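Asker: My structure file data-v3.cif, mmCIF, C-alpha atoms and all ligand atoms, is below:
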data_start
loop_
_atom_site.label_atom_id
_atom_site.label_comp_id
_atom_site.auth_asym_id
_atom_site.auth_seq_id
_atom_site.Cartn_x
_atom_site.Cartn_y
_atom_site.Cartn_z
CA MET A 994 80.60 87.76 96.09
CA ASP A 995 84.07 89.11 95.51
CA TYR A 996 85.50 92.08 97.29
CA TRP A 997 88.32 94.02 95.68
CA ASN A 998 90.25 96.71 97.46
CA THR A 999 92.42 98.46 94.91
CA ASP A 1000 93.88 100.62 97.66
CA SER A 1001 95.61 97.66 99.25
CA GLY A 1002 96.25 95.45 96.21
CA TRP A 1003 94.24 92.77 97.94
CA SER A 1004 91.26 90.62 97.00
CA MET A 1005 89.17 88.10 98.88
CA SER A 1006 85.98 86.16 98.59
CA SER A 1007 83.21 86.59 101.15
CA ASP A 1008 82.48 82.84 100.88
CA GLU A 1009 85.69 81.73 102.53
CA PRO A 1010 85.51 79.54 105.65
CA ALA A 1011 86.62 80.78 109.06
CA SER A 1012 90.25 81.86 108.99
CA PRO A 1013 92.77 79.28 110.07
CA SER A 1014 94.58 80.07 113.28
CA GLY A 1015 98.23 81.13 113.47
CA GLY A 1016 100.11 82.48 110.51
CA GLY A 1017 101.94 85.71 110.24
CA VAL A 1018 103.50 88.01 107.72
CA LEU A 1019 107.00 89.45 107.73
CA ALA A 1020 107.38 92.61 105.66
CA VAL A 1021 110.84 93.83 104.72
CA VAL A 1022 111.11 97.63 104.66
CA PHE A 1023 114.02 99.98 104.02
CA ALA A 1024 113.95 103.32 105.81
CA GLU A 1025 114.99 105.22 102.69
CA SER A 1026 111.84 103.87 100.97
CA LEU A 1027 109.52 104.31 103.94
CA ASN A 1028 106.51 105.36 101.86
CA ALA A 1029 106.81 102.26 99.70
CA GLY A 1030 107.07 100.28 102.95
CA LYS A 1031 103.85 101.80 104.30
CA ALA A 1032 102.06 100.85 101.09
CA LEU A 1033 103.45 97.31 101.39
CA LEU A 1034 102.05 97.14 104.92
CA ALA A 1035 98.52 97.79 103.63
CA THR A 1036 98.78 94.50 101.75
CA ALA A 1037 100.62 92.76 104.62
CA ARG A 1038 97.95 93.82 107.12
CA GLN A 1039 95.12 92.47 104.98
CA LEU A 1040 96.98 89.22 104.43
CA ALA A 1041 97.73 88.78 108.15
CA ASP A 1042 94.14 89.57 109.11
CA GLU A 1043 92.86 86.94 106.73
CA LEU A 1044 95.33 84.44 108.20
CA SER A 1045 94.52 85.56 111.79
CA GLY A 1046 98.19 86.37 112.15
CA THR A 1047 100.41 89.29 113.00
CA VAL A 1048 102.49 91.62 110.87
CA SER A 1049 106.15 91.82 111.78
CA VAL A 1050 108.44 94.24 110.00
CA ALA A 1051 112.17 94.06 109.46
CA LEU A 1052 112.97 97.77 109.19
CA PHE A 1053 116.48 98.37 107.93
CA ASN A 1054 118.34 101.54 108.85
CA GLY A 1055 115.27 103.12 110.45
CA ASP A 1056 114.81 104.69 113.86
CA GLU A 1057 112.01 104.50 116.42
CA THR A 1058 110.06 107.31 114.74
CA ALA A 1059 110.03 105.43 111.45
CA GLY A 1060 109.10 102.26 113.35
CA ASN A 1061 106.11 104.00 114.94
CA GLU A 1062 104.98 105.24 111.52
CA LEU A 1063 104.98 101.63 110.34
CA VAL A 1064 102.87 100.60 113.35
CA LYS A 1065 100.28 103.19 112.29
CA ALA A 1066 100.46 101.75 108.77
CA GLY A 1067 99.58 98.26 110.02
CA ALA A 1068 102.56 96.63 111.77
CA ASP A 1069 102.25 94.77 115.09
CA ASN A 1070 105.97 94.38 115.73
CA VAL A 1071 108.70 96.44 114.14
CA TYR A 1072 112.27 95.21 114.47
CA LEU A 1073 114.85 97.92 113.90
CA VAL A 1074 117.80 96.36 112.14
CA ALA A 1075 120.96 98.40 111.71
CA SER A 1076 123.09 97.67 108.69
CA ASP A 1077 126.65 98.78 108.05
CA SER A 1078 126.14 99.23 104.34
CA ASP A 1079 123.13 100.33 102.34
CA SER A 1080 123.68 97.82 99.57
CA LEU A 1081 124.99 94.81 101.41
CA LEU A 1082 122.49 92.14 100.47
CA ALA A 1083 124.34 89.47 102.45
CA GLY A 1084 123.85 91.50 105.64
CA TYR A 1085 120.14 91.98 104.98
CA LEU A 1086 119.79 88.30 104.18
CA GLU A 1087 121.34 87.15 107.45
CA ALA A 1088 119.17 89.55 109.47
CA ILE A 1089 115.99 88.42 107.73
CA LYS A 1090 116.91 84.77 108.26
CA ALA A 1091 117.42 85.46 111.98
CA LEU A 1092 114.06 87.25 112.16
CA ILE A 1093 112.32 84.39 110.37
CA GLU A 1094 113.59 82.03 113.07
CA GLN A 1095 112.06 84.32 115.68
CA ALA A 1096 108.77 85.29 114.00
CA ALA A 1097 108.20 82.06 112.00
CA PRO A 1098 106.08 83.84 109.37
CA ASP A 1099 103.97 82.01 106.83
CA ALA A 1100 104.56 84.75 104.30
CA ILE A 1101 107.27 87.29 103.53
CA LEU A 1102 106.48 90.42 101.54
CA LEU A 1103 108.96 92.81 99.94
CA THR A 1104 108.59 95.72 97.55
CA SER A 1105 109.52 94.73 94.02
CA GLY A 1106 112.59 96.46 92.65
CA ARG A 1107 116.21 95.64 92.07
CA ARG A 1108 117.00 95.15 95.78
CA GLY A 1109 113.70 93.56 96.86
CA ASP A 1110 113.60 91.06 93.99
CA GLU A 1111 117.22 90.05 94.45
CA LEU A 1112 116.79 89.62 98.21
CA ALA A 1113 113.60 87.62 97.70
CA GLY A 1114 115.37 85.30 95.27
CA LEU A 1115 118.24 84.76 97.69
CA LEU A 1116 115.81 84.10 100.54
CA ALA A 1117 113.80 81.58 98.54
CA GLY A 1118 117.03 79.84 97.54
CA ARG A 1119 118.31 79.67 101.12
CA LEU A 1120 115.00 78.84 102.84
CA GLY A 1121 113.47 76.60 100.20
CA GLY A 1122 110.28 78.66 100.08
CA THR A 1123 108.27 79.54 96.99
CA LEU A 1124 108.50 82.94 95.34
CA VAL A 1125 106.58 85.24 93.02
CA VAL A 1126 108.35 88.39 91.88
CA GLY A 1127 106.53 91.56 90.80
CA ALA A 1128 102.98 90.60 91.84
CA ASN A 1129 100.24 93.19 91.40
CA ALA A 1130 97.68 91.52 93.70
CA ILE A 1131 97.50 88.68 96.22
CA SER A 1132 94.76 86.72 97.95
CA VAL A 1133 94.45 83.52 100.00
CA ASP A 1134 93.38 79.99 99.06
CA TYR A 1135 91.85 78.95 102.39
CA SER A 1136 91.66 75.24 101.68
CA GLU A 1137 95.41 74.99 101.21
CA ARG A 1138 96.42 78.04 103.24
CA ALA A 1139 98.29 79.24 100.20
CA ILE A 1140 98.87 82.70 98.78
CA LEU A 1141 97.49 83.30 95.31
CA ALA A 1142 99.40 85.95 93.40
CA THR A 1143 98.84 87.56 90.02
CA GLN A 1144 101.74 88.91 88.00
CA PRO A 1145 101.81 90.75 84.65
CA VAL A 1146 103.89 88.75 82.14
CA TYR A 1147 104.93 88.93 78.46
CA GLY A 1148 105.35 92.69 78.64
CA GLY A 1149 101.96 93.10 80.29
CA ALA A 1150 100.12 91.26 77.50
CA ALA A 1151 98.98 88.55 79.94
CA ILE A 1152 98.45 88.03 83.65
CA ALA A 1153 99.90 84.91 85.28
CA SER A 1154 98.16 83.47 88.36
CA TRP A 1155 100.31 81.56 90.84
CA LYS A 1156 99.52 79.47 93.89
CA LEU A 1157 102.44 79.42 96.31
CA ALA A 1158 103.20 76.33 98.37
CA GLY A 1159 105.14 75.41 101.50
CA LYS A 1160 106.59 77.85 103.95
CA PRO A 1161 107.62 80.60 103.77
CA GLN A 1162 105.73 81.95 100.79
CA ILE A 1163 107.59 84.97 99.44
CA VAL A 1164 106.10 87.69 97.24
CA THR A 1165 107.52 90.96 95.98
CA MET A 1166 104.75 93.49 95.30
CA ARG A 1167 104.99 95.98 92.45
CA PRO A 1168 105.21 99.59 93.68
CA GLY A 1169 102.01 101.56 93.20
CA THR A 1170 99.66 98.57 93.57
CA ALA A 1171 98.61 99.60 97.08
CA SER A 1172 98.24 102.84 99.03
CA PRO A 1173 99.17 103.21 102.70
CA LEU A 1174 96.25 102.80 105.12
CA ILE A 1175 97.15 104.90 108.16
CA ASP A 1176 95.39 104.45 111.51
CA LYS A 1177 96.69 107.03 114.00
CA HIS A 1178 95.32 104.99 116.92
CA ARG A 1179 97.04 101.68 116.14
CA SER A 1180 99.57 100.47 118.67
CA GLY A 1181 102.37 97.98 118.35
CA LYS A 1182 105.88 97.21 119.49
CA VAL A 1183 109.05 98.78 118.13
CA GLU A 1184 112.29 97.23 119.28
CA ALA A 1185 115.90 96.96 118.23
CA PHE A 1186 116.86 93.64 116.71
CA SER A 1187 120.39 92.45 117.08
CA PHE A 1188 121.77 89.42 115.39
CA SER A 1189 125.20 88.02 114.83
CA ALA A 1190 125.83 87.24 111.21
CA PRO A 1191 128.49 84.72 110.26
CA ALA A 1192 131.56 86.88 109.66
CA SER A 1193 132.37 85.15 106.38
CA SER A 1194 129.12 86.31 104.79
CA LEU A 1195 129.77 90.01 105.35
CA GLN A 1196 132.03 92.33 103.42
CA VAL A 1197 131.57 95.77 104.86
CA SER A 1198 132.83 98.84 103.09
CA LYS A 1199 132.09 102.45 103.88
CA ALA A 1200 131.91 105.27 101.37
CA ASP A 1201 130.66 108.82 101.49
CA SER A 1202 127.64 108.94 99.27
CA PRO A 1203 125.11 111.70 98.69
CA ALA A 1204 121.64 111.41 100.22
CA PRO A 1205 119.45 109.01 98.21
CA PRO A 1206 116.98 110.67 95.84
CA PRO A 1207 113.38 110.89 97.02
CA ASP A 1208 111.28 107.84 96.33
CA LEU A 1209 110.04 107.97 92.70
CA LEU A 1210 106.45 107.33 93.74
CA HIS A 1211 106.41 110.37 95.99
CA ALA A 1212 108.79 112.70 94.17
CA SER A 1213 107.35 116.09 93.38
CA ILE A 1214 109.89 116.68 90.61
CA ILE A 1215 110.91 113.98 88.13
CA VAL A 1216 113.40 114.34 85.31
CA ALA A 1217 112.94 111.35 83.02
CA GLY A 1218 114.98 110.08 80.10
CA GLY A 1219 114.17 107.95 77.09
CA ARG A 1220 115.89 106.41 74.10
CA GLY A 1221 116.67 109.89 72.77
CA THR A 1222 119.22 110.38 75.55
CA GLY A 1223 121.52 107.91 73.80
CA GLY A 1224 122.47 106.76 77.30
CA ASP A 1225 125.02 109.49 77.96
CA GLY A 1226 122.16 111.98 78.39
CA PHE A 1227 121.33 110.34 81.72
CA LYS A 1228 124.38 112.02 83.25
CA LEU A 1229 122.84 115.40 82.42
CA ILE A 1230 119.44 114.21 83.60
CA GLY A 1231 120.93 113.13 86.94
CA GLU A 1232 122.66 116.48 87.30
CA LEU A 1233 119.46 118.41 86.59
CA ALA A 1234 117.42 116.22 88.96
CA ALA A 1235 119.97 116.77 91.74
CA LEU A 1236 119.90 120.54 91.21
CA LEU A 1237 116.10 120.58 91.37
CA GLY A 1238 115.92 118.19 94.33
CA GLY A 1239 114.09 115.69 92.14
CA THR A 1240 114.33 112.08 91.08
CA VAL A 1241 115.38 110.40 87.83
CA GLY A 1242 112.79 108.36 85.95
CA ALA A 1243 113.03 106.44 82.68
CA THR A 1244 111.10 104.86 79.85
CA LYS A 1245 111.04 101.13 79.26
CA SER A 1246 113.38 101.60 76.30
CA ALA A 1247 115.96 103.31 78.48
CA VAL A 1248 115.67 100.56 81.09
CA ARG A 1249 116.00 97.89 78.42
CA GLU A 1250 119.19 99.56 77.19
CA GLY A 1251 120.54 99.36 80.74
CA TRP A 1252 120.77 103.15 81.09
CA ALA A 1253 118.43 103.14 84.11
CA GLY A 1254 117.30 100.57 86.67
CA PRO A 1255 113.93 98.80 86.43
CA GLU A 1256 112.81 100.58 89.61
CA GLN A 1257 113.08 103.85 87.65
CA GLN A 1258 110.67 102.77 84.91
CA ILE A 1259 107.48 104.79 84.61
CA GLY A 1260 104.41 103.57 82.75
CA MET A 1261 102.17 100.59 82.23
CA LEU A 1262 104.76 98.10 83.47
CA GLY A 1263 106.50 100.51 85.80
CA ALA A 1264 105.57 102.98 88.48
CA THR A 1265 102.64 105.38 88.38
CA VAL A 1266 103.99 108.73 89.51
CA LYS A 1267 102.32 111.91 90.73
CA PRO A 1268 104.89 114.70 90.45
CA ARG A 1269 104.18 118.42 90.30
CA LEU A 1270 106.77 118.77 87.53
CA TYR A 1271 107.74 116.13 84.96
CA ILE A 1272 110.61 116.93 82.61
CA ALA A 1273 110.66 114.42 79.74
CA CYS A 1274 113.97 114.28 77.86
CA GLY A 1275 114.21 112.33 74.61
CA ILE A 1276 110.89 110.60 75.26
CA SER A 1277 108.44 110.16 72.37
CA GLY A 1278 105.34 109.94 74.57
CA THR A 1279 103.72 106.57 73.87
CA PRO A 1280 100.49 105.76 75.74
CA GLU A 1281 102.27 102.97 77.65
CA HIS A 1282 104.68 105.52 79.12
CA LEU A 1283 102.24 108.38 79.63
CA MET A 1284 99.74 106.23 81.55
CA GLY A 1285 102.32 106.16 84.35
CA ILE A 1286 102.05 109.92 84.91
CA ALA A 1287 99.03 110.87 87.01
CA GLU A 1288 96.97 113.89 86.00
CA GLY A 1289 98.00 117.22 87.43
CA ALA A 1290 101.69 117.21 86.57
CA THR A 1291 103.15 120.13 84.66
CA ILE A 1292 104.97 118.45 81.78
CA VAL A 1293 108.03 119.92 80.10
CA ALA A 1294 109.15 117.97 77.03
CA ILE A 1295 112.50 118.24 75.26
CA ASN A 1296 112.57 116.49 71.90
CA THR A 1297 114.26 116.98 68.54
CA ALA A 1298 111.14 115.96 66.59
CA PRO A 1299 108.58 118.78 66.27
CA GLN A 1300 105.84 116.16 65.78
CA ALA A 1301 106.75 114.08 68.86
CA PRO A 1302 103.47 112.82 70.41
CA ILE A 1303 104.51 114.02 73.87
CA PHE A 1304 104.25 117.62 72.67
CA ALA A 1305 100.47 117.19 72.41
CA LEU A 1306 100.34 116.65 76.16
CA ALA A 1307 103.17 118.89 77.33
CA ASP A 1308 102.61 122.25 78.99
CA TYR A 1309 106.00 123.51 77.83
CA VAL A 1310 107.80 122.19 74.76
CA VAL A 1311 111.42 122.57 73.77
CA VAL A 1312 112.23 121.44 70.23
CA GLY A 1313 115.90 120.71 70.40
CA ASP A 1314 118.70 118.31 71.20
CA LEU A 1315 118.73 117.49 74.91
CA HIS A 1316 122.53 117.43 74.81
CA GLU A 1317 122.39 121.17 74.11
CA VAL A 1318 119.22 122.12 76.00
CA LEU A 1319 120.07 120.42 79.30
CA PRO A 1320 123.58 121.90 79.73
CA ALA A 1321 122.14 125.36 79.06
CA PHE A 1322 119.34 124.76 81.57
CA ILE A 1323 121.79 123.41 84.18
CA ALA A 1324 124.12 126.38 83.69
CA ARG A 1325 121.24 128.83 84.19
CA LEU A 1326 120.12 127.04 87.34
CA LYS A 1327 123.65 127.01 88.78
CA LYS A 1328 123.98 130.71 88.07
CA ALA A 1329 120.68 131.43 89.77
CA GLN A 1330 121.62 129.48 92.93
C1 LIG A 1401 102.64 95.93 76.78
C2 LIG A 1401 103.61 97.07 76.77
C3 LIG A 1401 103.90 97.70 77.96
C4 LIG A 1401 104.79 98.79 77.98
N1 LIG A 1401 105.06 99.42 79.16
C5 LIG A 1401 105.86 100.50 79.16
C6 LIG A 1401 106.14 101.20 80.37
O1 LIG A 1401 105.75 100.81 81.47
N2 LIG A 1401 106.90 102.32 80.31
C7 LIG A 1401 107.42 102.79 79.13
O2 LIG A 1401 108.11 103.81 79.14
N3 LIG A 1401 107.20 102.11 77.98
C8 LIG A 1401 106.45 100.99 77.96
N4 LIG A 1401 106.26 100.31 76.80
C9 LIG A 1401 107.05 100.69 75.63
C10 LIG A 1401 106.46 101.86 74.87
O3 LIG A 1401 105.50 101.38 73.95
C11 LIG A 1401 107.57 102.59 74.08
O4 LIG A 1401 108.27 101.67 73.28
C12 LIG A 1401 108.57 103.32 74.96
O5 LIG A 1401 107.92 104.02 75.98
C13 LIG A 1401 109.35 104.30 74.10
O6 LIG A 1401 110.38 104.83 74.86
P1 LIG A 1401 111.12 106.16 74.43
O7 LIG A 1401 110.15 107.28 74.38
O8 LIG A 1401 112.29 106.27 75.33
O9 LIG A 1401 111.71 105.80 72.99
P2 LIG A 1401 111.27 106.25 71.55
O10 LIG A 1401 109.85 106.00 71.32
O11 LIG A 1401 112.25 105.63 70.62
O12 LIG A 1401 111.46 107.84 71.56
C14 LIG A 1401 112.69 108.49 71.60
C15 LIG A 1401 112.42 109.97 71.38
O13 LIG A 1401 113.62 110.69 71.58
C16 LIG A 1401 113.67 111.74 70.62
N5 LIG A 1401 115.08 112.10 70.48
C17 LIG A 1401 116.05 111.43 69.81
N6 LIG A 1401 117.24 112.05 69.97
C18 LIG A 1401 117.02 113.12 70.76
C19 LIG A 1401 117.86 114.14 71.29
N7 LIG A 1401 119.18 114.15 71.04
N8 LIG A 1401 117.30 115.10 72.04
C20 LIG A 1401 115.96 115.10 72.31
N9 LIG A 1401 115.12 114.15 71.83
C21 LIG A 1401 115.64 113.17 71.08
C22 LIG A 1401 113.03 111.17 69.39
O14 LIG A 1401 112.54 112.20 68.55
C23 LIG A 1401 111.92 110.32 69.99
O15 LIG A 1401 110.71 111.05 70.09
C24 LIG A 1401 105.39 99.23 76.77
C25 LIG A 1401 105.07 98.57 75.58
C26 LIG A 1401 104.20 97.52 75.58
C27 LIG A 1401 103.89 96.83 74.29
#
Go through the file and emit its structure as structure tokens.
Ligand SMILES: Cc1cc2nc3c(=O)[nH]c(=O)nc-3n(C[C@H](O)[C@H](O)[C@H](O)COP(=O)(O)OP(=O)(O)OC[C@H]3O[C@@H](n4cnc5c(N)ncnc54)[C@H](O)[C@@H]3O)c2cc1C

Answerer:
Amino acid sequence: MDYWNTDSGWSMSSDEPASPSGGGVLAVVFAESLNAGKALLATARQLADELSGTVSVALFNGDETAGNELVKAGADNVYLVASDSDSLLAGYLEAIKALIEQAAPDAILLTSGRRGDELAGLLAGRLGGTLVVGANAISVDYSERAILATQPVYGGAAIASWKLAGKPQIVTMRPGTASPLIDKHRSGKVEAFSFSAPASSLQVSKADSPAPPPDLLHASIIVAGGRGTGGDGFKLIGELAALLGGTVGATKSAVREGWAGPEQQIGMLGATVKPRLYIACGISGTPEHLMGIAEGATIVAINTAPQAPIFALADYVVVGDLHEVLPAFIARLKKAQ
């Protein structure tokens, strides 16, 4: 009989033999995406339990409080890794390699997205492991102690099934495929991890940057743009989102045009979001996009076409050019602040 836990993105068969001994999972988490990290740990915990192993976490830029939250979400050991730069993949890579030497995990899990997928690719290249990017579920083949991963392909028209081999087996999990499983009574170790990276691999630069926007999956306000933005509309969308304390989302078309990152895509092949307020700018409202917006959101749609399908679903509609509507909206908000 098969058991399927959609909350953790994990499946297993009740017919499997006794779990092999040893084996552990290393999850890579970034403090600025802590909620995504907690969801990743739900999958990591299940995987480690099935392998009779432990869950170690490389937590970048997080403090002890964040580390303890990850323990409650399923971690046994959390290593706090400080990084000089938020986007320095080489620095992350060296730290993860050092942790792998210490924890010797069978599997490494990351959250799929621009940073996670790139890091995973670099790790697989350096370590010689096998990799699946953007999986939506994983399980274990007990006979070969291998991870089985499924991954939507061909624009979601098909699902590919992969069996990973060797060690480490690296998987990036799509956001939204698992929910955090919090146990307030769990205990584990949180400790600082120091490593010395080869100087030649690091290029550190510091810049003053604004606080990162809230995680798309947990944002209560999302301003999203589509093809109707023409690309330049995303500047206005970013400005409005910042004023409202929200996050910028996008349609697949906008991502394909390169106007937004893949981690900002909402819909069938992107994130499923649960905002209170969703402002759709230049978005037609196809089912593939709308299925990424959970029920309960108040939807405001700005579109030049009076017959745009999104108007059928929207709570508030603005028939007009977003290049005129958004500046007026932004000006009113600024005046009110
Ligand atoms: C298997 C599969 C999976 C998919 N998964 C996803 C997914 O995860 N997410 C996703 O988003 N899509 C997905 N798609 C694509 C989806 O079908 C649509 O093609 C896409 O969502 C359309 O994006 P859009 O609304 O930005 O563009 P369009 O459909 O081209 O709409 C643009 C809209 O902008 C309006 N507009 C134009 N100019 C202006 C202006 N100046 N001001 C205001 N409005 C203006 C137009 O009237 C139009 O309604 C998927 C498709 C397939 C086949």

Asker: Considering all atoms listed in the file, give me a table of residues in chain A that are at most 7 Å from ligand LIG 1401 (chain A), with the closest atom pair and distance in Å for each, as CSV.

Answerer:
residue,atom,partner,partner_atom,distance
A:Gly1148,CA,A:LIG1401,C1,4.6
A:Gly1149,CA,A:LIG1401,C1,4.6
A:Ala1150,CA,A:LIG1401,C1,5.4
A:Gly1218,CA,A:LIG1401,O8,6.7
A:Gly1219,CA,A:LIG1401,O8,3.1
A:Arg1220,CA,A:LIG1401,O8,3.8
A:Gly1221,CA,A:LIG1401,O13,3.4
A:Thr1222,CA,A:LIG1401,C19,5.8
A:Ala1243,CA,A:LIG1401,O2,6.6
A:Thr1244,CA,A:LIG1401,O2,3.2
A:Lys1245,CA,A:LIG1401,O2,4.0
A:Ser1246,CA,A:LIG1401,O6,4.6
A:Ala1247,CA,A:LIG1401,O8,5.7
A:Gln1258,CA,A:LIG1401,N2,6.0
A:Ile1259,CA,A:LIG1401,N2,5.0
A:Gly1260,CA,A:LIG1401,O1,3.3
A:Met1261,CA,A:LIG1401,O1,3.7
A:Leu1262,CA,A:LIG1401,O1,3.5
A:Gly1263,CA,A:LIG1401,O1,4.4
A:Cys1274,CA,A:LIG1401,C20,6.0
A:Gly1275,CA,A:LIG1401,N9,3.4
A:Ile1276,CA,A:LIG1401,O7,3.5
A:Ser1277,CA,A:LIG1401,O15,3.3
A:Gly1278,CA,A:LIG1401,O7,5.5
A:Thr1279,CA,A:LIG1401,O5,5.3
A:Pro1280,CA,A:LIG1401,O3,6.9
A:Glu1281,CA,A:LIG1401,C5,4.6
A:His1282,CA,A:LIG1401,O2,3.8
A:Gly1285,CA,A:LIG1401,O1,7.0
A:Ile1295,CA,A:LIG1401,C20,5.5
A:Asn1296,CA,A:LIG1401,N9,3.5
A:Thr1297,CA,A:LIG1401,N9,4.4
A:Ala1298,CA,A:LIG1401,O14,4.5
A:Ala1301,CA,A:LIG1401,O15,5.1
A:Gly1313,CA,A:LIG1401,C20,5.9
A:Asp1314,CA,A:LIG1401,N8,3.6
A:Leu1315,CA,A:LIG1401,N8,4.0
A:His1316,CA,A:LIG1401,N7,6.0

Asker: Dig up all the protein and nucleic acid residues within 10 Å of (118.0, 96.2, 92.0) in the file frame, using only C-alpha atoms, and format them as a PyMOL selection string.

Answerer: chain A and resi 1080+1105-1112+1254-1256

Asker: May I ask which of the residues A:Val1293, A:Leu1073, A:Val1216, A:Ala1020 is the closest one to Glu1184 (chain A), counting all atoms listed in the file?

Answerer: A:Leu1073

Asker: Can you work out the spacing between CA of Leu1044 (chain A) and CA of Glu1087 (chain A) in Å, to one decimal?

Answerer: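 Between CA of Leu1044 (chain A) and CA of Glu1087 (chain A) the gap is 26.2 Å.
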
Asker: Please provide the set of residues having any atom within 8 Å of Ile1323 (chain A), restricted to only C-alpha atoms, with same-chain residues fewer than 5 positions apart removed, written as a PyMOL selection string.

Answerer: chain A and resi 1232-1233+1236

Asker: Residues of the last selection are to be written out with C-alpha atoms, as a CSV table (one decimal), in the coordinates of the input.

Answerer:
chain,number,residue,atom,x,y,z
A,1232,GLU,CA,122.7,116.5,87.3
A,1233,LEU,CA,119.5,118.4,86.6
A,1236,LEU,CA,119.9,120.5,91.2

Asker: Hey, can you check how far CA of Pro1268 (chain A) sits from CA of Asp1308 (chain A)?

Answerer: 13.9 Å

Asker: Find the residues around Glu1057 (chain A) up to 12 Å (all atoms listed in the file counted), leave out those fewer than 3 positions away in its own chain, and share them as an MDAnalysis selection string.

Answerer: chainID A and resid 1024 1052:1054 1060:1064 1070:1075 1181:1186

Asker: If you measure from CA of Ala1329 (chain A) to CA of Leu1237 (chain A), what distance in Å do you get, rounded to one decimal?

Answerer: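 CA of Leu1237 (chain A) lies at a distance of 11.9 Å from CA of Ala1329 (chain A).
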
Asker: Choose the residue, out of A:Lys1160, A:Lys1065, A:Arg1167, A:Arg1269, that has the smallest atom-to-atom separation from Ala1212 (chain A); count all atoms listed in the file.

Answerer: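 Under the stated criterion, the closest residue is A:Arg1269.
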
Asker: Identify which of the residues A:Ala1083, A:Ala1096, A:Val1048, A:Val1021 lies closest to Arg1119 (chain A), counting all atoms listed in the file when measuring atom-to-atom distances.

Answerer: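 Among the listed residues, the smallest separation from Arg1119 (chain A) belongs to A:Ala1083.
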